[in-house]
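Before any comments, here is the structure.
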Amino acid sequence: SVQAQKEEDNPPNTMEANGLTPVPDSYDYDLIVIGGGSGGLAAAKEAAKYEKKVMVLDFVSPTPHGSSWGLGGTCVNVGCIPKKLMHQAALLGQALQDSRKFGWQFTEEVKHNWMTMTEAVQNYIGSLNWGYRVSLRDTKVTYENAYGEFVGPHTVKATNKKGIEKLYTAARFIIATGERPRYLGIPGDKEYCISSDDLFSLPYCPGKTLVVGASYVALECAGFLAGLGLDVTVMVRSILLRGFDQDMANKIGEYMKEHGVNFIREFVPIKVEQVEEGTPGILKVTAKSSTGNQMIEGEYNTVLLAIGRDPCTRKIGLDKVGVNINEKTGKIPVNDEEQTNVPHIYAVGDILQGKLELTPVAIQAGRLLVRRLYAGETTKCDYVNVPTTVFTPLEYGACGYSEETAVEKFGEENIEVYHSNFWPLEWTVPSRDNNKCYAKIICNIQDNERVIGFHVLGPNAGEVTQGFAAAIKCGLTKEQLDSTIGIHPVCAEV
Amino acid sequence: MGWEEMQVRGYTEFVRTAQSYHGRPIFALFCGDKDAEGKSWCPDCVTAEPVVRKELHNLPDESVFIYCLVGDRAYWKDPNNEFRKNLKLTGVPTLLKYGTPQKLVEEECFKAELVRMLFTED
């Protein structure tokens, strides 16, 4: 039902309210963006630059535990940002240990306070949420904290947290609704387990934690929790970091194991029960082997599920407007201009089928899409050779092909892999591992030994990888790489 | 009950006043000191104050609006002054919702829309 609205809050949509079909040019908005995350906000702000009338609808359905957050999407609130800050907190703990070897003297035992860290992180996130709201208001983008869903070809219904519904029309739409963590579908999962949606604002220290999953989310979270001094176990169904170079994935796992993270391989939980209530309480997890019949049990304060993320595309009325989705995965197939099968409806970000789930990709895709729509540009988003970094305790930066994919595509005889271990200078004095950091490049012999894959495992991997990604985009060959003199003493010179 | 205004000068008085209103929504506008003719040394504060005052009627019930003069120009320029150190203020004028990361700084305070958003939205 359509409720009355204050005049100054809303543009007139009396035609829709009166049941009349609006004719083109009298839509409420030029563009409505459903989802205020990395992709959605980038697109909305770009459209406002071209003086388009834009609306952003953003809404966070609370988690089973009741967690929710402000404007900005996954990356800002429950993804990249808090993750990197907590990873940094863990690295600082390690640095404090190293510092004694460099001459720093302190007698007190070093302990970590979860609440101090979490409050500081949440405070920063709050300033980002506010910053986005100021930015949208300043650029005259209308923002509503409401759940958007299609009810007609050019109409969305927006429901706010009080249940009040409003209808809006637009010439074009961008779906940027992102994803949410998947649950296991076993007894006790929603009642007792948490996900990354809850972890970064957890109002108590998680304690002894079981992380279920082997995705980068699972390994990054397990990594920093262990780095903060917690007892962490990772339960893996089969392989680590599916989709990533497996040689590198195994090295990451080895490093984590040697640095205090327990791994239970080839098991999946089949039920979670509460032994004791509390913050945290005690949970009992029963798990079954994924390769046989063996069963095991374990008790933990917290169970963190990180087994995958599902697109938020099933309940936004896509069937009402005929937008195709992959029924199995929920992802939306788009052409190379981010257009769905419905010409005036586009999509960006994690929900896209076959595209990388990364913030900078969503931002770039959103911006370029809008420039093509309203500024006459033709540049399409380049999804090839996108660099990425996994912020596990030993960081992993990559750009281009994994070794397996390169072999598959070009044939083993046509690629050459150059690799090396390296020992960061900063690790020598505190006697940290001298054989764990590793770098490799994969070259295409038939194309001038063009560098088609870049992989580095070591500190500041993200910083190292960024520059090489630009070089790869320019067509870096092995010879050019060899003739580039290194900076000394840094890890990147390897 | 509507909203009320308190006028204070200096960090200590500000903190004492804010603490005394603990539990109620507190909004604060920080400006440079005014001279004998009532004119501030901070030109942006001169521009912002009327804009902010015009939106005060939008303040939620029970809230407190603290108008705080921070000090003279020399005090403000000192990078270690208490407002910078403890309240993390980076410029004047600053309009903020105390205890939250929500604030408007300098030219942002000239925009009635933004001031209204700070006062009325969560």
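Letters A, B, ... mark the chains of the structure tokens in the order given; residue numbers begin at 1 per chain; ligand numbers begin at 1, in order shown.
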**Request:** List every residue of chain B that DSSP, applied to the backbone of this structure, places in strand (DSSP E), and write the result as a ChimeraX atom specification.
**Result:** /B:4-9,26-31,64-69,94-97,103-105
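With only C-alpha atoms taken into account, the protein and nucleic acid residues at most 8 Å from stretch 258-270 of chain A (excluding it and anything under 2 positions from it in its own chain) are Ile186, Pro187, Val212, Ala222, Gly223, Ala226, Asp231, Val232, Thr233, Val234, Met235, Val236, Arg237, Ser238, Glu254, Tyr255, Met256, Val272, Val285, Thr286, Ala287, Lys288, Ser289, Ser290 and Thr291 of chain A.
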**Contact residues (chain A, partner chain B, 9 Å, only C-alpha atoms) as a list in words** = Asn123, Tyr124, Ile125, Gly126, Ser127, Leu128, Asn129, Trp130, Gly131, Arg133, Val134, Arg137 and Asp138 of chain A
Atoms to include: N, CA, C and O atoms. Write the selected residues as a tab-separated table (two decimals), in the first residue's frame.
chain	number	residue	atom	x	y	z
A	123	ASN	N	34.00	2.85	15.33
A	123	ASN	CA	33.95	4.29	15.29
A	123	ASN	C	34.41	4.82	13.94
A	123	ASN	O	33.80	5.73	13.35
A	124	TYR	N	35.46	4.21	13.42
A	124	TYR	CA	35.95	4.62	12.10
A	124	TYR	C	34.91	4.31	11.04
A	124	TYR	O	34.61	5.13	10.17
A	125	ILE	N	34.31	3.11	11.12
A	125	ILE	CA	33.28	2.74	10.16
A	125	ILE	C	32.12	3.73	10.23
A	125	ILE	O	31.57	4.16	9.21
A	126	GLY	N	31.76	4.12	11.45
A	126	GLY	CA	30.68	5.09	11.61
A	126	GLY	C	30.99	6.40	10.89
A	126	GLY	O	30.11	7.02	10.29
A	127	SER	N	32.25	6.80	10.94
A	127	SER	CA	32.60	8.06	10.26
A	127	SER	C	32.52	7.88	8.75
A	127	SER	O	32.18	8.82	8.02
A	128	LEU	N	32.78	6.66	8.26
A	128	LEU	CA	32.64	6.41	6.82
A	128	LEU	C	31.17	6.42	6.42
A	128	LEU	O	30.80	7.00	5.40
A	129	ASN	N	30.32	5.77	7.23
A	129	ASN	CA	28.87	5.77	6.94
A	129	ASN	C	28.38	7.21	6.83
A	129	ASN	O	27.64	7.57	5.92
A	130	TRP	N	28.78	8.03	7.80
A	130	TRP	CA	28.35	9.42	7.83
A	130	TRP	C	28.89	10.17	6.62
A	130	TRP	O	28.19	10.93	5.97
A	131	GLY	N	30.16	9.91	6.31
A	131	GLY	CA	30.77	10.56	5.16
A	131	GLY	C	30.01	10.28	3.87
A	131	GLY	O	29.83	11.18	3.05
A	133	ARG	N	26.85	9.57	3.63
A	133	ARG	CA	25.56	10.27	3.67
A	133	ARG	C	25.74	11.75	3.35
A	133	ARG	O	24.92	12.34	2.63
A	134	VAL	N	26.80	12.34	3.87
A	134	VAL	CA	27.06	13.75	3.57
A	134	VAL	C	27.33	13.90	2.08
A	134	VAL	O	26.81	14.80	1.43
A	137	ARG	N	24.11	13.59	0.07
A	137	ARG	CA	23.24	14.75	0.26
A	137	ARG	C	23.83	15.95	-0.47
A	137	ARG	O	23.11	16.73	-1.09
A	138	ASP	N	25.13	16.08	-0.38
A	138	ASP	CA	25.81	17.21	-1.00
A	138	ASP	C	25.71	17.18	-2.52
A	138	ASP	O	25.71	18.22	-3.17
**Message:** Using DSSP secondary structure from the backbone, list all helix (DSSP H, G or I) positions within stretch 220-430 of chain A, as a ChimeraX atom specification.
**Reply:** /A:220-227,246-258,318-321,359-374,403-410,412-414,425-428
**Item:** Near-B:Asp61 list (6 Å; only C-alpha atoms; drop same-chain fewer than 5 positions) as a list of chain:residue names
**Value:**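 So, after excluding close chain neighbours, the residues are B:Met1, B:Gly2, B:Trp3.
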With N, CA, C and O atoms retained, could you export that selection as a PDB file, in the first residue's frame?
ATOM      1  N   MET B   1       9.126  18.494  25.997  1.00  0.00           N
ATOM      2  CA  MET B   1      10.102  19.571  26.192  1.00  0.00           C
ATOM      3  C   MET B   1      10.937  19.707  24.927  1.00  0.00           C
ATOM      4  O   MET B   1      11.424  18.740  24.398  1.00  0.00           O
ATOM      5  N   GLY B   2      11.158  20.902  24.451  1.00  0.00           N
ATOM      6  CA  GLY B   2      11.907  21.107  23.209  1.00  0.00           C
ATOM      7  C   GLY B   2      13.391  20.913  23.408  1.00  0.00           C
ATOM      8  O   GLY B   2      13.821  19.955  24.037  1.00  0.00           O
ATOM      9  N   TRP B   3      14.164  21.830  22.894  1.00  0.00           N
ATOM     10  CA  TRP B   3      15.612  21.720  23.043  1.00  0.00           C
ATOM     11  C   TRP B   3      16.098  22.917  23.823  1.00  0.00           C
ATOM     12  O   TRP B   3      15.397  23.924  23.939  1.00  0.00           O
TER      13      TRP B   3
END
**Request:** With a distance cut-off of 8 Å and only C-alpha atoms, select the neighbouring residues of B:Glu107, excluding the residue or stretch itself and same-chain residues fewer than 2 positions from it, and output the selection as an MDAnalysis selection string.
**Result:** chainID B and resid 44 48 105 109:111
Quick one: write out the picked residues with N, CA, C and O atoms as a PDB file, in the first residue's frame?
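Result file again.pdb:
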ATOM      1  N   ASP B  44      34.965  31.749   8.691  1.00  0.00           N
ATOM      2  CA  ASP B  44      34.021  30.678   8.354  1.00  0.00           C
ATOM      3  C   ASP B  44      32.982  30.501   9.450  1.00  0.00           C
ATOM      4  O   ASP B  44      31.831  30.126   9.182  1.00  0.00           O
ATOM      5  N   ALA B  48      28.992  30.455   9.164  1.00  0.00           N
ATOM      6  CA  ALA B  48      28.255  29.239   9.542  1.00  0.00           C
ATOM      7  C   ALA B  48      27.204  29.472  10.618  1.00  0.00           C
ATOM      8  O   ALA B  48      26.127  28.873  10.586  1.00  0.00           O
ATOM      9  N   VAL B 105      32.295  19.847   9.091  1.00  0.00           N
ATOM     10  CA  VAL B 105      33.482  20.657   9.338  1.00  0.00           C
ATOM     11  C   VAL B 105      33.583  21.776   8.311  1.00  0.00           C
ATOM     12  O   VAL B 105      33.384  21.544   7.121  1.00  0.00           O
ATOM     13  N   CYS B 109      29.434  23.245   7.155  1.00  0.00           N
ATOM     14  CA  CYS B 109      28.496  23.927   8.051  1.00  0.00           C
ATOM     15  C   CYS B 109      27.710  25.030   7.348  1.00  0.00           C
ATOM     16  O   CYS B 109      26.755  25.560   7.911  1.00  0.00           O
ATOM     17  N   PHE B 110      28.134  25.414   6.138  1.00  0.00           N
ATOM     18  CA  PHE B 110      27.411  26.479   5.426  1.00  0.00           C
ATOM     19  C   PHE B 110      26.152  25.926   4.762  1.00  0.00           C
ATOM     20  O   PHE B 110      25.346  26.687   4.252  1.00  0.00           O
ATOM     21  N   LYS B 111      26.046  24.607   4.706  1.00  0.00           N
ATOM     22  CA  LYS B 111      24.956  24.017   3.928  1.00  0.00           C
ATOM     23  C   LYS B 111      23.791  23.600   4.824  1.00  0.00           C
ATOM     24  O   LYS B 111      23.887  22.626   5.574  1.00  0.00           O
TER      25      LYS B 111
END
**Asked** A:Val361: which residues within 10 Å, counting only C-alpha atoms, same-chain residues fewer than 6 positions away excluded, as a PyMOL selection string?
**Response** chain A and resi 38-39+348-350+355+367+381-383+386-387
